[in-house]
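One structure is given here, and the rest of the page talks about it.
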Amino acid sequence: MIDSTKPIDDATPLDDISGLKLPANQSYTLQDVYIKEAENIASATLKYLAAPPSKKEASFSYAWIMQLHQEMFGEVWDWAGKLRQVELSIGVKAYTVSTELKKLVDDIAYWNEHKTFDTFEMATRIHHRAVQIHPFQNGNGRWSRMLANIYLRQHNTMPVRWQEDLLAKENPHRVDYITALKQADKGNYKNLITLHKNTY
Ligand SMILES: Nc1ncnc2c1ncn2[C@@H]1O[C@H](COP(=O)(O)OP(=O)(O)OP(=O)(O)O)[C@@H](O)[C@H]1O
Ligand SMILES: [Mg+2]
């Protein structure tokens with residue numbers, strides 16, 4: 001279970017190894033799991049970001065955004081691609097996750113159709129709404145940044161260098177990133193949009 005007394009921008013601790021798909025006869029450190037996750041995520045990165053994905057490959061439908069989480073974490077965690085059933089310190093109430101995700105999918109389609117925002121603001125809003133909902137037990141940050149990067153790549157913009165290095169808590173840009181997310185929570189997207197412009 002995630003400790004809700006921890007700061008909300010802290011990474012998830014490894015006390016909860018239930019659902020870990022790695023062989024059970026060994027013990028794993030946080031770093032071991034990060035490496036396995038990074039390998040799994042790398043295959044999704046190759047699939048969606050090596051070349052611009054078509055609307056068919058990355059449809060931004062409800063089923064596809066769920067599938068993306070499965071593709072990123074399914075080799076490591078058995079809850080990958082499955083909606084969480086527990087309350088976390090970030091995110092909407094668990095019972096509203098599916099409704100909120102459906103609303104996001106509908107909003108994305110509407111924004112695309114009406115050209116409401118430019119490509120960077122689209123990517124920013126997709127990222128922010130997805131991580132605000134926090135549909136999964138873990139991996140919500142990486143999944144929501146991947147969604148945004150796939151959107152950018154599909155719209156002929158290069159993906160953002162999020163420096164998804166191991167033990168991302170040590171990343172010096174993390175404070176700026178979390179601050180920008182909190183500003184977006186209040187409707188101020190400027191700094192998060194700037195981060196989305198930091199493309200290759
Ligand atoms: N105030 C906030 N509002 C929205 N999202 C937040 C807020 N604070 C943190 N977050 C996001 O939630 C993430 C943590 O969620 P989770 O542990 O599910 O994702 P992760 O992919 O494992 O982590 P990370 O994003 O650190 O790689 C943070 O990294 C950040 O992306
Ligand atoms: Mg985490």
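Residue names in the structure tokens use chain letters A, B, ... in the order shown, residue numbers from 1 in each chain, and ligand numbers from 1 in the order shown.
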
As a list in words, please: the residues near stretch 39-48 of chain A (cut-off 8 Å, only C-alpha atoms, same-chain neighbours under 3 positions excluded).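 After dropping sequence-adjacent residues, the list is Ile35, Lys36, Ala51, Pro52, Pro53, Ala58, Leu68, Glu71, Met72, Phe73, Gly74, Glu75, Val76, Met146 and Ile150 of chain A.
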
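Between atom 22 (O, counted along the ligand's line) of ligand 1 and atom CA of A:Glu87 lies a distance of 15.3 Å.
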
Apply DSSP to the backbone of this structure and, from stretch 10-121 of chain A, keep only the residues in helix (DSSP H, G or I); write these as number ranges by chain. A: 30-49, 62-73, 94-114, 119-121

I'd like to know which of A:Tyr34, A:Phe136, A:Trp64, A:Tyr177 is closest to A:Trp162, using only C-alpha atoms.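 Distance minimum relative to A:Trp162 lands on A:Tyr177.
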
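Nearest to ligand 1 of all the residues A:Thr99, A:Gln67, A:Gln154, A:Asn138 is A:Asn138, based on only C-alpha atoms and all ligand atoms.
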
Pick from A:Asn171, A:Ser144, A:Gln132, A:Thr157, whichever lies nearest to ligand 1 using only C-alpha atoms and all ligand atoms: A:Gln132

Stretch 108-116 of chain A environment, 8 Å, only C-alpha atoms, sequence neighbours closer than 5 positions dropped, as a PyMOL selection string: chain A and resi 60+122+126

Ligand 1 proximity check over A:Leu104, A:Leu49, A:Leu195, A:Val131, using only C-alpha atoms and all ligand atoms: winner is A:Val131

Coordinates-based distance that separates atom 1 (Mg, counted along the ligand's line) of ligand 2 from atom CA of A:Ala38 (Å, one decimal): 12.4 Å

So which residues of chain A fall under strand (DSSP E or B) by DSSP, listed as a ChimeraX atom specification? /A:20,77,160,199

Nearest candidate to ligand 1 (options A:Lys190, A:Lys102, A:Arg84, A:Arg153; using only C-alpha atoms and all ligand atoms):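 Among A:Lys190, A:Lys102, A:Arg84, A:Arg153, it is A:Arg84 that comes nearest to ligand 1.
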
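In this model, the gap between atom CA of A:Tyr62 and atom CA of A:Val92 comes to 17.1 Å.
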
Pick out the residues sitting within 8 Å of A:Val160, and hand them over as an MDAnalysis selection string; count only C-alpha atoms, and ignore anything fewer than 3 positions along from it in its own chain. chainID A and resid 149 195:200

Write out the residues from the selection above, keeping N, CA and C atoms, as a PDB file, in the first residue's frame.
```pdb
ATOM      1  N   ASN A 149       4.183  12.663 -25.282  1.00  0.00           N
ATOM      2  CA  ASN A 149       5.238  12.536 -26.288  1.00  0.00           C
ATOM      3  C   ASN A 149       4.718  11.874 -27.567  1.00  0.00           C
ATOM      4  N   LEU A 195       8.088  23.329 -20.574  1.00  0.00           N
ATOM      5  CA  LEU A 195       8.792  22.044 -20.450  1.00  0.00           C
ATOM      6  C   LEU A 195       8.507  21.142 -21.654  1.00  0.00           C
ATOM      7  N   HIS A 196       7.301  21.219 -22.179  1.00  0.00           N
ATOM      8  CA  HIS A 196       6.936  20.408 -23.349  1.00  0.00           C
ATOM      9  C   HIS A 196       7.597  20.900 -24.636  1.00  0.00           C
ATOM     10  N   LYS A 197       8.150  22.092 -24.584  1.00  0.00           N
ATOM     11  CA  LYS A 197       8.849  22.606 -25.773  1.00  0.00           C
ATOM     12  C   LYS A 197      10.319  22.210 -25.775  1.00  0.00           C
ATOM     13  N   ASN A 198      10.736  21.548 -24.711  1.00  0.00           N
ATOM     14  CA  ASN A 198      12.142  21.130 -24.589  1.00  0.00           C
ATOM     15  C   ASN A 198      12.352  19.821 -25.352  1.00  0.00           C
ATOM     16  N   THR A 199      12.106  19.864 -26.656  1.00  0.00           N
ATOM     17  CA  THR A 199      12.126  18.645 -27.464  1.00  0.00           C
ATOM     18  C   THR A 199      13.514  18.417 -28.051  1.00  0.00           C
ATOM     19  N   TYR A 200      13.700  17.260 -28.639  1.00  0.00           N
ATOM     20  CA  TYR A 200      14.980  16.912 -29.260  1.00  0.00           C
ATOM     21  C   TYR A 200      15.298  17.849 -30.419  1.00  0.00           C
TER      22      TYR A 200
END
```

Kindly indicate which residue among A:Met66, A:Ala148, A:Leu30, A:Ala50 lies nearest to A:Thr119, using only C-alpha atoms for the distances. A:Ala148
